[in-house]
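Heads up: the structure comes next, in C-alpha cells.
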Amino acid sequence: MQMAGNLADLPDKRARNLRQRLLQASRQVNISIVKALNNLGFDEFRSTHTALLSNLSLDGASLTTVARNAGMTKQAMGRLAEDLMRLGYIRSTPDKADRRAVHLSFTDKGLDLMHKSFAVMDEIEERCANRIGSDSYQMLLTSLSEIA
C-alpha cells in the first residue's frame, strides 16, 4: 500500500477525520457528565466507570455481555465491576442461567446515579441544540444513528 500525500499533512488530516471528531465529542460529553455528577454528590464517580455503567442494561446483564458491549476484555471489565461494587453502584450475583457466570445489576444508589445522569444528559443535549440549532442537532442525531 502506498502512502498517500505528505507526512506533514497527516496531523491535520487525522485531527479532521470522523473517528477523531467522534472521540473528541465523546470525551467532552463524558467529562461534562462526570463533572456534573461529582457536583451532585457522586464524588467518587470517574470517567472510567462509564465504560461499565453505559453498557449495563437497566435490567442487568452478565459481566461477559457488558465487556463485549464495551469492547473490553472480561478481566478489565471485572476490575471496573469490583470498583463499582465497592462504591455501592452495582451488585454481582450468580447468573441464573449459568452459575459460573456473574450477573451484574444496579443497586438503588446505582439507579439513582443513572436517573441523575439522564437528567445531566438532557442538559448537555439542550446546550448542544442551542449551540448548533435544534434542526441541526436533530439532523446530527439522525446521521449518527445512520452511521452506527
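Residue numbers start at 1 in each chain; chains themselves are named A, B, ... in the order of the C-alpha cells; ligands are numbered from 1 in the order shown.
Surrounding segment 123-130 of chain A within 12 Å are Ala25, Ser26, Gln28, Val29, Asn30, Ile31, Ser32, Ile33, Val34, Lys35, Ala36, Lys116, Ser117, Phe118, Ala119, Val120, Gly133, Ser134, Asp135, Ser136, Tyr137, Gln138, Met139, Leu140 and Leu141 of chain A, with only C-alpha atoms counted and residues fewer than 3 positions along the same chain left out.
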List every residue of segment 11-124 of chain A that DSSP, applied to the backbone of this structure, places in strand (DSSP E or B), and write the result as a PDB file with N, CA and C atoms, in the first residue's frame.
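As a result, selection.pdb now contains:
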ATOM      1  N   ALA A  61     -27.092  -7.498  33.425  1.00  0.00           N
ATOM      2  CA  ALA A  61     -26.509  -8.313  32.362  1.00  0.00           C
ATOM      3  C   ALA A  61     -25.302  -9.056  32.912  1.00  0.00           C
ATOM      4  N   SER A  62     -24.858 -10.035  32.166  1.00  0.00           N
ATOM      5  CA  SER A  62     -23.662 -10.765  32.578  1.00  0.00           C
ATOM      6  C   SER A  62     -22.429  -9.889  32.374  1.00  0.00           C
ATOM      7  N   ILE A  90     -23.263  -1.058  41.891  1.00  0.00           N
ATOM      8  CA  ILE A  90     -23.750  -2.299  41.282  1.00  0.00           C
ATOM      9  C   ILE A  90     -23.579  -3.446  42.268  1.00  0.00           C
ATOM     10  N   ARG A  91     -24.261  -4.545  41.984  1.00  0.00           N
ATOM     11  CA  ARG A  91     -24.104  -5.773  42.755  1.00  0.00           C
ATOM     12  C   ARG A  91     -23.821  -6.904  41.768  1.00  0.00           C
ATOM     13  N   SER A  92     -23.264  -7.960  42.291  1.00  0.00           N
ATOM     14  CA  SER A  92     -22.943  -9.139  41.495  1.00  0.00           C
ATOM     15  C   SER A  92     -23.628 -10.338  42.122  1.00  0.00           C
ATOM     16  N   THR A  93     -24.299 -11.115  41.293  1.00  0.00           N
ATOM     17  CA  THR A  93     -24.928 -12.346  41.752  1.00  0.00           C
ATOM     18  C   THR A  93     -24.616 -13.440  40.732  1.00  0.00           C
ATOM     19  N   PRO A  94     -24.698 -14.694  41.159  1.00  0.00           N
ATOM     20  CA  PRO A  94     -24.513 -15.772  40.180  1.00  0.00           C
ATOM     21  C   PRO A  94     -25.610 -15.684  39.116  1.00  0.00           C
ATOM     22  N   VAL A 102     -21.249 -14.375  36.039  1.00  0.00           N
ATOM     23  CA  VAL A 102     -21.596 -13.329  37.001  1.00  0.00           C
ATOM     24  C   VAL A 102     -22.631 -12.411  36.372  1.00  0.00           C
ATOM     25  N   HIS A 103     -23.697 -12.155  37.107  1.00  0.00           N
ATOM     26  CA  HIS A 103     -24.750 -11.231  36.664  1.00  0.00           C
ATOM     27  C   HIS A 103     -24.586  -9.931  37.434  1.00  0.00           C
ATOM     28  N   LEU A 104     -24.472  -8.820  36.706  1.00  0.00           N
ATOM     29  CA  LEU A 104     -24.344  -7.503  37.318  1.00  0.00           C
ATOM     30  C   LEU A 104     -25.673  -6.779  37.241  1.00  0.00           C
ATOM     31  N   SER A 105     -26.000  -6.049  38.284  1.00  0.00           N
ATOM     32  CA  SER A 105     -27.209  -5.238  38.277  1.00  0.00           C
ATOM     33  C   SER A 105     -26.983  -3.997  39.135  1.00  0.00           C
ATOM     34  N   PHE A 106     -27.822  -3.008  38.903  1.00  0.00           N
ATOM     35  CA  PHE A 106     -27.705  -1.766  39.645  1.00  0.00           C
ATOM     36  C   PHE A 106     -28.272  -1.912  41.054  1.00  0.00           C
TER      37      PHE A 106
END
Long-range neighbours of Thr107 of chain A as a PDB file with N, CA and C atoms, in the first residue's frame, 12 Å cut-off, only C-alpha atoms, 5 positions minimum in chain:
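The resulting result.pdb:
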ATOM      1  N   LEU A  53     -21.056   1.298  33.258  1.00  0.00           N
ATOM      2  CA  LEU A  53     -22.424   1.759  33.502  1.00  0.00           C
ATOM      3  C   LEU A  53     -23.197   2.044  32.225  1.00  0.00           C
ATOM      4  N   LEU A  58     -30.414  -1.696  32.192  1.00  0.00           N
ATOM      5  CA  LEU A  58     -31.082  -1.348  33.446  1.00  0.00           C
ATOM      6  C   LEU A  58     -31.654  -2.577  34.125  1.00  0.00           C
ATOM      7  N   ASP A  59     -31.870  -3.656  33.381  1.00  0.00           N
ATOM      8  CA  ASP A  59     -32.324  -4.927  33.943  1.00  0.00           C
ATOM      9  C   ASP A  59     -31.164  -5.797  34.407  1.00  0.00           C
ATOM     10  N   GLY A  60     -29.943  -5.358  34.147  1.00  0.00           N
ATOM     11  CA  GLY A  60     -28.769  -6.136  34.494  1.00  0.00           C
ATOM     12  C   GLY A  60     -28.291  -6.963  33.311  1.00  0.00           C
ATOM     13  N   LEU A  84     -16.892  -0.579  41.150  1.00  0.00           N
ATOM     14  CA  LEU A  84     -18.257  -0.067  41.258  1.00  0.00           C
ATOM     15  C   LEU A  84     -19.058  -0.799  42.335  1.00  0.00           C
ATOM     16  N   MET A  85     -18.744  -2.059  42.592  1.00  0.00           N
ATOM     17  CA  MET A  85     -19.386  -2.776  43.708  1.00  0.00           C
ATOM     18  C   MET A  85     -18.906  -2.196  45.031  1.00  0.00           C
ATOM     19  N   ARG A  86     -17.616  -1.933  45.131  1.00  0.00           N
ATOM     20  CA  ARG A  86     -17.048  -1.342  46.353  1.00  0.00           C
ATOM     21  C   ARG A  86     -17.693   0.010  46.635  1.00  0.00           C
ATOM     22  N   LEU A  87     -17.995   0.768  45.578  1.00  0.00           N
ATOM     23  CA  LEU A  87     -18.611   2.084  45.732  1.00  0.00           C
ATOM     24  C   LEU A  87     -20.126   2.010  45.924  1.00  0.00           C
ATOM     25  N   GLY A  88     -20.688   0.821  45.742  1.00  0.00           N
ATOM     26  CA  GLY A  88     -22.112   0.633  46.006  1.00  0.00           C
ATOM     27  C   GLY A  88     -23.047   0.920  44.843  1.00  0.00           C
ATOM     28  N   TYR A  89     -22.534   0.995  43.606  1.00  0.00           N
ATOM     29  CA  TYR A  89     -23.368   1.296  42.443  1.00  0.00           C
ATOM     30  C   TYR A  89     -23.976   0.052  41.798  1.00  0.00           C
ATOM     31  N   ILE A  90     -23.263  -1.058  41.891  1.00  0.00           N
ATOM     32  CA  ILE A  90     -23.750  -2.299  41.282  1.00  0.00           C
ATOM     33  C   ILE A  90     -23.579  -3.446  42.268  1.00  0.00           C
ATOM     34  N   ARG A  91     -24.261  -4.545  41.984  1.00  0.00           N
ATOM     35  CA  ARG A  91     -24.104  -5.773  42.755  1.00  0.00           C
ATOM     36  C   ARG A  91     -23.821  -6.904  41.768  1.00  0.00           C
ATOM     37  N   SER A  92     -23.264  -7.960  42.291  1.00  0.00           N
ATOM     38  CA  SER A  92     -22.943  -9.139  41.495  1.00  0.00           C
ATOM     39  C   SER A  92     -23.628 -10.338  42.122  1.00  0.00           C
ATOM     40  N   THR A  93     -24.299 -11.115  41.293  1.00  0.00           N
ATOM     41  CA  THR A  93     -24.928 -12.346  41.752  1.00  0.00           C
ATOM     42  C   THR A  93     -24.616 -13.440  40.732  1.00  0.00           C
ATOM     43  N   ASP A 112     -30.085   5.559  41.202  1.00  0.00           N
ATOM     44  CA  ASP A 112     -30.143   6.997  41.464  1.00  0.00           C
ATOM     45  C   ASP A 112     -29.120   7.731  40.592  1.00  0.00           C
ATOM     46  N   LEU A 113     -27.922   7.183  40.515  1.00  0.00           N
ATOM     47  CA  LEU A 113     -26.887   7.752  39.651  1.00  0.00           C
ATOM     48  C   LEU A 113     -27.356   7.782  38.196  1.00  0.00           C
ATOM     49  N   MET A 114     -27.955   6.687  37.750  1.00  0.00           N
ATOM     50  CA  MET A 114     -28.415   6.623  36.362  1.00  0.00           C
ATOM     51  C   MET A 114     -29.508   7.659  36.095  1.00  0.00           C
TER      52      MET A 114
END
Name the residues of chain A that fall into helix (DSSP H, G or I) according to DSSP on the backbone, using the chain letters and numbers of this document, as a PyMOL selection string.
chain A and resi 7-16+18-39+47-53+63-70+74-86+108-132+134-147
Nearest to Phe45 of chain A among A:Leu80, A:Ile132, A:Leu144, A:Leu63, with distances taken over only C-alpha atoms: which residue is it?
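Of A:Leu80, A:Ile132, A:Leu144, A:Leu63, the one nearest Phe45 of chain A, counting only C-alpha atoms, is A:Leu80.
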As a check of understanding: the span from atom CA of Asp95 of chain A to atom CA of Ser57 of chain A is 14.5 Å
Shortest contact to His49 of chain A, candidates A:Leu10, A:Ala76, A:Ala101, A:Ala148, atoms counted only C-alpha atoms, goes to A:Ala76
Considering only C-alpha atoms, return as a VMD selection string whatever protein or nucleic-acid residues lie within 8 Å of segment 68-75 of chain A, sequence-local ones (same chain, fewer than 4 positions apart) excluded.
chain A and resid 51 to 52 55 63 to 64 79
Go ahead and save the residues from that selection, with N, CA, C and O atoms, as an mmCIF file, in the first residue's frame.
data_model
loop_
_atom_site.group_PDB
_atom_site.id
_atom_site.type_symbol
_atom_site.label_atom_id
_atom_site.label_comp_id
_atom_site.auth_asym_id
_atom_site.auth_seq_id
_atom_site.Cartn_x
_atom_site.Cartn_y
_atom_site.Cartn_z
ATOM 1 N N ALA A 51 -17.618 3.198 31.193
ATOM 2 C CA ALA A 51 -17.485 2.037 30.301
ATOM 3 C C ALA A 51 -18.395 0.905 30.754
ATOM 4 O O ALA A 51 -18.989 0.207 29.927
ATOM 5 N N LEU A 52 -18.518 0.722 32.055
ATOM 6 C CA LEU A 52 -19.405 -0.331 32.549
ATOM 7 C C LEU A 52 -20.846 0.172 32.619
ATOM 8 O O LEU A 52 -21.752 -0.452 32.074
ATOM 9 N N ASN A 55 -22.928 0.479 29.503
ATOM 10 C CA ASN A 55 -23.142 -0.772 28.773
ATOM 11 C C ASN A 55 -23.895 -1.815 29.578
ATOM 12 O O ASN A 55 -24.104 -2.931 29.106
ATOM 13 N N LEU A 63 -21.410 -10.154 33.156
ATOM 14 C CA LEU A 63 -20.141 -9.448 33.020
ATOM 15 C C LEU A 63 -19.603 -9.601 31.601
ATOM 16 O O LEU A 63 -19.119 -8.633 30.996
ATOM 17 N N THR A 64 -19.732 -10.798 31.043
ATOM 18 C CA THR A 64 -19.248 -11.058 29.684
ATOM 19 C C THR A 64 -19.974 -10.193 28.666
ATOM 20 O O THR A 64 -19.344 -9.611 27.769
ATOM 21 N N ARG A 79 -12.420 -5.717 36.756
ATOM 22 C CA ARG A 79 -11.803 -4.744 37.669
ATOM 23 C C ARG A 79 -12.712 -3.533 37.866
ATOM 24 O O ARG A 79 -12.866 -3.030 38.983
#
Rounded to one decimal, what separation in Å do you get between atom CA of Gly41 of chain A and atom CA of Gly78 of chain A?
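Taking atom CA of Gly41 of chain A and atom CA of Gly78 of chain A, their separation equals 25.0 Å.
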